[in-house]
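Listing of work_7.cif; format and content: mmCIF, C-alpha atoms.
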```cif
data_upload
#
loop_
_atom_site.label_atom_id
_atom_site.label_comp_id
_atom_site.auth_asym_id
_atom_site.auth_seq_id
_atom_site.Cartn_x
_atom_site.Cartn_y
_atom_site.Cartn_z
CA MET A 1180 184.16 191.86 90.58
CA HIS A 1181 182.39 195.04 91.73
CA ILE A 1182 185.35 197.17 90.60
CA TYR A 1183 185.38 195.34 87.26
CA ARG A 1184 181.71 196.16 86.64
CA GLN A 1185 182.34 199.81 87.49
CA MET A 1186 185.22 199.92 85.00
CA ILE A 1187 183.03 198.43 82.26
CA ARG A 1188 180.27 200.96 82.87
CA TYR A 1189 182.85 203.76 82.84
CA PHE A 1190 184.33 202.53 79.56
CA VAL A 1191 180.96 202.27 77.85
CA LYS A 1192 179.86 205.74 78.95
CA CYS A 1193 183.19 207.38 78.08
CA SER A 1194 183.19 205.89 74.60
CA SER A 1195 180.56 208.44 73.57
CA GLY A 1196 180.11 210.75 76.53
CA THR A 1197 176.31 210.36 76.51
CA ASP A 1198 173.76 207.71 77.36
CA TRP A 1199 172.16 205.76 74.54
CA SER A 1200 169.01 207.39 73.22
CA GLU A 1201 165.82 205.46 72.46
CA ARG A 1202 166.46 205.94 68.73
CA GLU A 1203 169.96 204.47 69.03
CA VAL A 1204 168.71 201.57 71.10
CA ASP A 1205 165.97 200.80 68.58
CA LEU A 1206 168.51 200.80 65.75
CA ILE A 1207 170.90 198.39 67.46
CA VAL A 1208 168.07 196.13 68.66
CA ALA A 1209 166.70 195.81 65.10
CA ASP A 1210 170.22 195.11 63.79
CA TYR A 1211 170.73 192.44 66.46
CA PHE A 1212 167.50 190.66 65.56
CA ASP A 1213 168.50 190.74 61.90
CA MET A 1214 171.75 188.92 62.75
CA LEU A 1215 169.98 186.51 65.10
CA ARG A 1216 167.57 185.47 62.36
CA LEU A 1217 170.46 184.68 60.01
CA GLU A 1218 172.29 182.74 62.72
CA LEU A 1219 169.30 180.57 63.61
CA LEU A 1220 168.78 179.83 59.91
CA ALA A 1221 172.49 178.90 59.61
CA GLN A 1222 173.00 181.63 57.00
CA PRO A 1223 176.33 183.52 56.85
CA TYR A 1224 176.66 187.12 57.98
CA ASN A 1225 179.49 189.46 58.98
CA LYS A 1226 179.38 190.92 62.48
CA THR A 1227 182.08 193.48 61.66
CA GLU A 1228 180.10 194.77 58.70
CA HIS A 1229 176.93 195.02 60.78
CA ARG A 1230 178.85 196.90 63.46
CA ARG A 1231 180.30 199.30 60.88
CA LYS A 1232 176.87 200.08 59.44
CA ILE A 1233 175.25 200.60 62.83
CA ARG A 1234 178.03 202.98 63.89
CA GLN A 1235 177.24 205.14 60.87
CA GLN A 1236 173.70 205.64 62.17
CA ILE A 1237 174.42 206.47 65.82
CA ASN A 1238 176.29 209.15 67.76
CA ASP A 1239 179.97 208.36 67.39
CA ARG A 1240 179.91 205.16 69.44
CA SER A 1241 183.11 203.13 69.59
CA ASP A 1242 183.38 199.51 68.41
CA GLY A 1243 183.66 198.51 72.07
CA SER A 1244 180.51 200.36 73.03
CA VAL A 1245 178.52 198.77 70.19
CA GLU A 1246 179.92 195.33 71.05
CA PHE A 1247 179.00 195.74 74.70
CA LYS A 1248 175.45 196.80 73.79
CA HIS A 1249 175.09 193.68 71.63
CA GLN A 1250 176.17 191.60 74.63
CA ASN A 1251 173.60 193.41 76.78
CA ILE A 1252 170.89 192.44 74.28
CA SER A 1253 172.03 188.82 74.55
CA SER A 1254 171.60 189.07 78.31
CA VAL A 1255 168.09 190.50 77.94
CA LEU A 1256 167.11 187.62 75.65
CA VAL A 1257 168.60 184.96 77.94
CA ASN A 1258 166.67 186.45 80.83
CA MET A 1259 163.50 186.22 78.72
CA GLY A 1260 164.23 182.59 77.76
CA TYR A 1261 164.87 183.37 74.08
CA PRO A 1262 167.77 182.42 71.77
CA TYR A 1263 170.70 184.81 71.51
CA ILE A 1264 173.67 185.34 69.18
CA ASN A 1265 176.44 182.98 70.22
CA GLY A 1266 179.22 185.40 69.31
CA TYR A 1267 177.88 188.00 71.72
CA LYS A 1268 178.46 186.63 75.21
CA PRO A 1269 175.67 187.84 77.52
CA ARG A 1270 176.62 190.69 79.87
CA GLY A 1271 174.26 192.01 82.50
CA ASN A 1272 173.84 195.40 84.17
CA TYR A 1273 171.91 196.66 81.17
CA GLN A 1274 169.72 199.75 81.23
CA LYS A 1275 165.97 199.32 81.63
CA LEU A 1276 165.47 201.20 78.36
CA LEU A 1277 167.24 198.38 76.52
CA ALA A 1278 165.04 195.66 78.03
CA ASP A 1279 161.95 197.74 77.26
CA ARG A 1280 162.93 198.24 73.61
CA VAL A 1281 163.78 194.54 73.11
CA GLU A 1282 160.35 193.68 74.47
CA ALA A 1283 158.79 196.36 72.26
CA PHE A 1284 160.47 194.86 69.18
CA LEU A 1285 158.98 191.45 69.98
CA VAL A 1286 155.54 193.00 70.52
CA GLU A 1287 155.80 194.70 67.14
CA HIS A 1288 157.01 191.45 65.50
CA PRO A 1289 154.91 188.80 67.30
CA ASP A 1290 155.75 186.04 64.81
CA TYR A 1291 159.51 186.62 64.81
CA PHE A 1292 160.43 183.49 66.77
CA ASP A 1293 157.49 181.44 65.45
CA HIS A 1294 159.09 181.46 62.01
CA LEU A 1295 162.42 180.29 63.45
CA ALA A 1296 161.34 177.66 65.97
CA ASP A 1297 161.67 174.81 63.46
CA ALA A 1298 165.09 175.87 62.15
CA GLN A 1299 167.58 173.04 61.69
CA LEU A 1300 169.94 174.62 64.23
CA LEU A 1301 167.35 174.03 66.95
CA ASN A 1302 166.24 170.62 65.72
CA PRO A 1303 169.22 168.39 64.83
CA ASN A 1304 168.58 165.09 63.09
CA SER A 1305 171.71 163.21 64.10
CA ILE A 1306 174.65 163.14 66.47
CA PRO A 1307 177.56 165.29 65.26
CA ALA A 1308 180.71 163.30 64.53
CA PHE A 1309 183.57 163.45 67.04
CA GLY A 1310 186.12 163.79 64.23
CA ASN A 1311 189.66 164.28 65.53
CA ILE A 1312 188.57 166.01 68.74
CA PHE A 1313 189.85 164.50 71.98
CA VAL A 1314 187.04 163.92 74.45
CA ASN A 1315 188.53 166.26 77.06
CA GLN A 1316 188.29 169.09 74.53
CA LEU A 1317 184.50 168.83 74.66
CA PHE A 1318 184.34 169.92 78.29
CA GLU A 1319 184.22 173.60 79.27
CA SER A 1320 183.81 175.48 82.53
CA PRO A 1321 180.23 176.40 83.50
CA PRO A 1322 179.16 179.91 82.48
CA GLU A 1323 179.44 182.66 85.04
CA ARG A 1324 176.28 184.09 86.55
CA ILE A 1325 174.67 186.95 84.63
CA ILE A 1326 173.80 189.93 86.81
CA ILE A 1327 170.41 191.19 85.68
CA PRO A 1328 168.18 194.05 86.87
CA GLU A 1329 165.34 193.22 89.20
CA SER A 1330 162.16 192.33 87.33
CA SER A 1331 158.61 192.56 88.60
CA ASN A 1332 157.72 189.40 86.66
CA GLN A 1333 154.03 190.36 86.50
CA PRO A 1334 152.82 189.51 82.97
CA TRP A 1335 149.22 189.89 84.12
CA ILE A 1336 149.95 193.62 84.40
CA SER A 1337 151.91 194.10 81.16
CA ARG A 1338 149.53 191.70 79.33
CA ARG A 1339 152.53 190.52 77.28
CA GLY A 1340 152.87 186.77 77.04
CA ARG A 1341 155.45 184.55 75.38
CA LYS A 1342 154.24 182.66 72.32
CA THR A 1343 157.25 180.36 71.89
CA ASP A 1344 158.85 178.75 74.96
CA PHE A 1345 162.23 177.57 73.69
CA MET A 1346 163.22 176.01 77.01
CA ARG A 1347 160.07 173.91 77.00
CA ARG A 1348 160.61 173.02 73.35
CA ASP A 1349 164.06 171.68 74.25
CA ALA A 1350 162.65 169.79 77.23
CA GLU A 1351 159.81 168.24 75.22
CA ASN A 1352 161.85 167.50 72.09
CA ARG A 1353 162.27 163.77 72.61
CA ARG A 1354 164.49 163.35 69.57
CA LEU A 1355 166.87 166.08 70.77
CA GLY A 1356 166.91 164.58 74.26
CA ARG A 1357 167.62 161.09 72.96
CA LEU A 1358 170.40 162.31 70.65
CA GLY A 1359 171.98 164.29 73.48
CA GLU A 1360 171.90 161.30 75.81
CA GLU A 1361 173.35 159.04 73.13
CA PHE A 1362 176.11 161.59 72.57
CA VAL A 1363 176.97 161.70 76.29
CA VAL A 1364 176.99 157.90 76.55
CA GLU A 1365 179.73 157.92 73.90
CA VAL A 1366 181.51 160.81 75.62
CA GLU A 1367 181.58 158.88 78.90
CA LYS A 1368 182.88 155.73 77.26
CA GLN A 1369 185.59 157.68 75.45
CA ARG A 1370 186.52 159.52 78.66
CA LEU A 1371 186.99 156.27 80.53
CA LEU A 1372 188.86 154.63 77.64
CA ALA A 1373 191.23 157.61 77.50
CA ALA A 1374 191.91 157.08 81.22
CA GLY A 1375 192.77 153.43 80.57
CA ARG A 1376 189.59 152.15 82.23
CA ASP A 1377 188.22 149.85 79.55
CA ASP A 1378 186.53 147.83 82.29
CA LEU A 1379 184.49 150.82 83.43
CA ALA A 1380 183.73 151.96 79.89
CA ASP A 1381 182.04 148.61 79.27
CA ARG A 1382 179.79 149.18 82.28
CA VAL A 1383 178.41 152.60 81.27
CA GLU A 1384 174.63 152.22 81.18
CA TRP A 1385 172.06 154.38 79.43
CA VAL A 1386 169.50 153.92 82.19
CA ALA A 1387 166.88 156.15 80.55
CA GLN A 1388 166.68 153.44 77.88
CA THR A 1389 167.29 150.30 79.92
CA ARG A 1390 165.25 151.15 83.03
CA GLY A 1391 162.96 153.96 81.89
CA ASP A 1392 162.83 157.71 82.29
CA GLY A 1393 162.05 159.74 85.39
CA ILE A 1394 164.51 158.30 87.96
CA GLY A 1395 166.47 161.53 88.31
CA PHE A 1396 169.35 160.82 85.95
CA ASP A 1397 169.87 159.40 82.45
CA ILE A 1398 173.24 157.63 82.42
CA LEU A 1399 175.13 155.56 84.96
CA SER A 1400 178.87 156.12 84.57
CA PHE A 1401 181.92 155.92 86.83
CA ASP A 1402 184.80 157.90 88.24
CA GLU A 1403 188.00 156.69 86.62
CA ARG A 1404 190.01 156.97 89.86
CA ASP A 1405 187.96 155.41 92.65
CA GLU A 1406 185.32 153.64 90.51
CA SER A 1407 182.47 155.39 92.35
CA GLU A 1408 179.20 155.79 90.48
CA ARG A 1409 178.63 158.94 88.46
CA LEU A 1410 174.93 159.71 87.99
CA VAL A 1411 174.64 161.77 84.81
CA GLU A 1412 171.61 163.85 83.88
CA VAL A 1413 171.77 165.25 80.32
CA LYS A 1414 170.26 168.55 79.17
CA THR A 1415 170.76 169.28 75.47
CA THR A 1416 170.18 172.36 73.32
CA GLY A 1417 171.10 173.52 69.85
CA LEU A 1418 171.55 176.98 71.36
CA GLY A 1419 174.46 178.53 73.22
CA LYS A 1420 176.18 177.96 76.53
CA PHE A 1421 174.19 180.55 78.49
CA PHE A 1422 170.74 179.36 77.41
CA PRO A 1423 168.68 178.25 80.46
CA PHE A 1424 167.01 174.87 80.84
CA TYR A 1425 164.29 173.13 82.80
CA VAL A 1426 164.92 170.58 85.54
CA SER A 1427 162.30 168.39 87.18
CA VAL A 1428 161.54 168.06 90.89
CA THR A 1429 162.85 164.48 90.77
CA GLU A 1430 166.14 165.67 89.27
CA VAL A 1431 166.55 168.35 91.93
CA LEU A 1432 165.78 165.88 94.75
CA CYS A 1433 168.12 163.28 93.24
CA SER A 1434 170.94 165.84 93.06
CA GLU A 1435 170.43 166.78 96.72
CA ASP A 1436 170.23 163.17 97.89
CA THR A 1437 173.25 161.84 95.99
CA GLY A 1438 175.56 164.83 96.45
CA GLN A 1439 178.86 164.75 94.55
CA GLN A 1440 177.82 161.62 92.67
CA TYR A 1441 175.34 163.73 90.72
CA HIS A 1442 176.56 165.32 87.48
CA LEU A 1443 174.37 167.43 85.22
CA TYR A 1444 175.89 167.53 81.73
CA ARG A 1445 174.70 170.60 79.86
CA VAL A 1446 175.28 169.93 76.15
CA PHE A 1447 175.11 173.07 74.00
CA ASP A 1448 175.69 174.11 70.37
CA PHE A 1449 174.65 170.55 69.59
CA SER A 1450 173.89 171.08 65.91
CA ILE A 1451 177.17 172.79 65.01
CA SER A 1452 179.99 172.07 67.44
CA PRO A 1453 178.72 170.26 70.54
CA ARG A 1454 180.43 170.97 73.84
CA LEU A 1455 179.33 170.57 77.40
CA TYR A 1456 179.86 171.79 80.93
CA VAL A 1457 179.24 169.90 84.15
CA LEU A 1458 177.34 170.94 87.27
CA ARG A 1459 178.22 168.63 90.13
CA GLY A 1460 176.23 168.10 93.30
CA ALA A 1461 172.97 169.67 94.44
CA LEU A 1462 171.36 171.75 91.69
CA SER A 1463 170.09 174.17 94.34
CA ALA A 1464 173.75 175.05 95.01
CA THR A 1465 174.92 175.32 91.39
CA CYS A 1466 171.89 176.99 89.77
CA ARG A 1467 169.31 179.65 90.49
CA LEU A 1468 166.12 177.61 90.55
CA ASP A 1469 162.92 179.48 89.69
CA PRO A 1470 159.60 177.65 90.26
CA VAL A 1471 157.58 177.50 87.05
CA GLN A 1472 154.87 174.92 87.75
CA TYR A 1473 153.03 173.35 90.68
CA CYS A 1474 150.86 170.27 91.09
CA ALA A 1475 147.54 171.43 92.51
CA VAL A 1476 145.55 168.89 94.51
CA ILE A 1477 142.08 169.64 95.89
#
```
Written form, structure tokens:
Amino acid sequence: MHIYRQMIRYFVKCSSGTDWSEREVDLIVADYFDMLRLELLAQPYNKTEHRRKIRQQINDRSDGSVEFKHQNISSVLVNMGYPYINGYKPRGNYQKLLADRVEAFLVEHPDYFDHLADAQLLNPNSIPAFGNIFVNQLFESPPERIIIPESSNQPWISRRGRKTDFMRRDAENRRLGRLGEEFVVEVEKQRLLAAGRDDLADRVEWVAQTRGDGIGFDILSFDERDESERLVEVKTTGLGKFFPFYVSVTEVLCSEDTGQQYHLYRVFDFSISPRLYVLRGALSATCRLDPVQYCAVI
């Protein structure tokens, strides 16, 4: 992996022979945010055409170099907890200049995400139809870890806050959460039916509805081979696969206590083409958990 990262850095630098200037970075950042706005509003745009136009304004960068820089911007935004362009898979190891200029763009356009927070892509009204898709085609491998530069994480020094918390919006969007859970209930039933376990499919229980929320998981399902319980916690977003999410203390403790019975189903791209990946076992082992809130008792 280390050699692979070195090769990527070598390729990007050799594509032009020089580091990206602040002017070039500002141009590609502005172009990225233009495409992101169109994507969140579900409006068509052509990535190839955008790439062609941006190459005309910068110093002889290759298509690969421009593509890689777009992916770096995605990584910066994921690290900041903001939406990113799905077609540009986040790649880390980005230069500090890039992160600084992305942040500068958002400072200069403070209402950018405010105008997009209520977009239909982020707020679906119904469960997408399965169509002719087999249930096993909905499952994907979890995303690989994004290597990001060290951050001081001291907003009290920069005095730059975040006006729109998209992770919290997902977590507090009860309609989105309910639709995602309902979707996974159907996924689990279809998975068991496909395995010839009609008996187990009939026993799948949406415990968040039947027993209440806050017990550490949302759906009680089963393993099709040994009939053991599968405790399923559902996290849903209209955004892409790499977008982070909140988990509660109860969910973390439940995952540690129940071990391999625990399955977190991360449902993504819910509004367009829902898929999901599964994190099994203790969340402390499958995720990087950053504390974001404490209960203070005096």
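Against the coordinates shown, the PyMOL selection byres ((chain A and resi 1255-1265) around 8) returns Met1214, Leu1215, Glu1218, Asn1251, Ile1252, Ser1253, Ser1254, Gly1266, Tyr1267, Lys1268, Pro1269, Gly1271, Tyr1273, Ala1278, Val1281, Ile1327, Asp1344, Phe1345, Met1346, Leu1418, Gly1419, Phe1421, Phe1422 and Pro1423 of chain A.
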With C-alpha atoms kept, could you save the residues just selected as a PDB file, in the coordinates of the input?
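Listed below is the output, part_12.pdb:
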```pdb
ATOM      1  CA  MET A1214     171.750 188.920  62.750  1.00  0.00           C
ATOM      2  CA  LEU A1215     169.980 186.510  65.100  1.00  0.00           C
ATOM      3  CA  GLU A1218     172.290 182.740  62.720  1.00  0.00           C
ATOM      4  CA  ASN A1251     173.600 193.410  76.780  1.00  0.00           C
ATOM      5  CA  ILE A1252     170.890 192.440  74.280  1.00  0.00           C
ATOM      6  CA  SER A1253     172.030 188.820  74.550  1.00  0.00           C
ATOM      7  CA  SER A1254     171.600 189.070  78.310  1.00  0.00           C
ATOM      8  CA  GLY A1266     179.220 185.400  69.310  1.00  0.00           C
ATOM      9  CA  TYR A1267     177.880 188.000  71.720  1.00  0.00           C
ATOM     10  CA  LYS A1268     178.460 186.630  75.210  1.00  0.00           C
ATOM     11  CA  PRO A1269     175.670 187.840  77.520  1.00  0.00           C
ATOM     12  CA  GLY A1271     174.260 192.010  82.500  1.00  0.00           C
ATOM     13  CA  TYR A1273     171.910 196.660  81.170  1.00  0.00           C
ATOM     14  CA  ALA A1278     165.040 195.660  78.030  1.00  0.00           C
ATOM     15  CA  VAL A1281     163.780 194.540  73.110  1.00  0.00           C
ATOM     16  CA  ILE A1327     170.410 191.190  85.680  1.00  0.00           C
ATOM     17  CA  ASP A1344     158.850 178.750  74.960  1.00  0.00           C
ATOM     18  CA  PHE A1345     162.230 177.570  73.690  1.00  0.00           C
ATOM     19  CA  MET A1346     163.220 176.010  77.010  1.00  0.00           C
ATOM     20  CA  LEU A1418     171.550 176.980  71.360  1.00  0.00           C
ATOM     21  CA  GLY A1419     174.460 178.530  73.220  1.00  0.00           C
ATOM     22  CA  PHE A1421     174.190 180.550  78.490  1.00  0.00           C
ATOM     23  CA  PHE A1422     170.740 179.360  77.410  1.00  0.00           C
ATOM     24  CA  PRO A1423     168.680 178.250  80.460  1.00  0.00           C
TER      25      PRO A1423
END
```
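With distances taken over all atoms listed in the file, A:Val1457 is the one residue among A:Val1386, A:Val1366, A:Val1457, A:Cys1433 lying closest to Lys1420 in chain A.
CA of Val1208 in chain A is found 7.4 Å from CA of Arg1280 in chain A.
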Distance in Å - CA of Phe1447 in chain A versus CA of Thr1429 in chain A = 22.5 Å
Point (167.8, 202.0, 66.2), cut-off 12 Å, counting only C-alpha atoms, residues as a list of chain:residue names = A:Trp1199, A:Ser1200, A:Glu1201, A:Arg1202, A:Glu1203, A:Val1204, A:Asp1205, A:Leu1206, A:Ile1207, A:Val1208, A:Ala1209, A:Asp1210, A:Tyr1211, A:Phe1212, A:Lys1232, A:Ile1233, A:Arg1234, A:Gln1235, A:Gln1236, A:Ile1237, A:Asn1238, A:Val1245, A:Lys1248, A:Leu1277, A:Arg1280, A:Val1281, A:Phe1284
Do a neighbour search on Ser1320 in chain A at 9 Å with only C-alpha atoms, toss out local chain neighbours closer than 3 positions, and write the hits as a PyMOL selection string.
-> chain A and resi 1323+1455-1457
Next, write the just-selected residues to a file, as a PDB file, in the frame of the given file, keeping C-alpha atoms as the atom set.
```pdb
ATOM      1  CA  GLU A1323     179.440 182.660  85.040  1.00  0.00           C
ATOM      2  CA  LEU A1455     179.330 170.570  77.400  1.00  0.00           C
ATOM      3  CA  TYR A1456     179.860 171.790  80.930  1.00  0.00           C
ATOM      4  CA  VAL A1457     179.240 169.900  84.150  1.00  0.00           C
TER       5      VAL A1457
END
```
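Considering the residues A:Phe1362, A:Thr1437, A:Arg1454, A:Tyr1425 and counting all atoms listed in the file, Leu1468 in chain A has its shortest atom-to-atom contact with A:Tyr1425.
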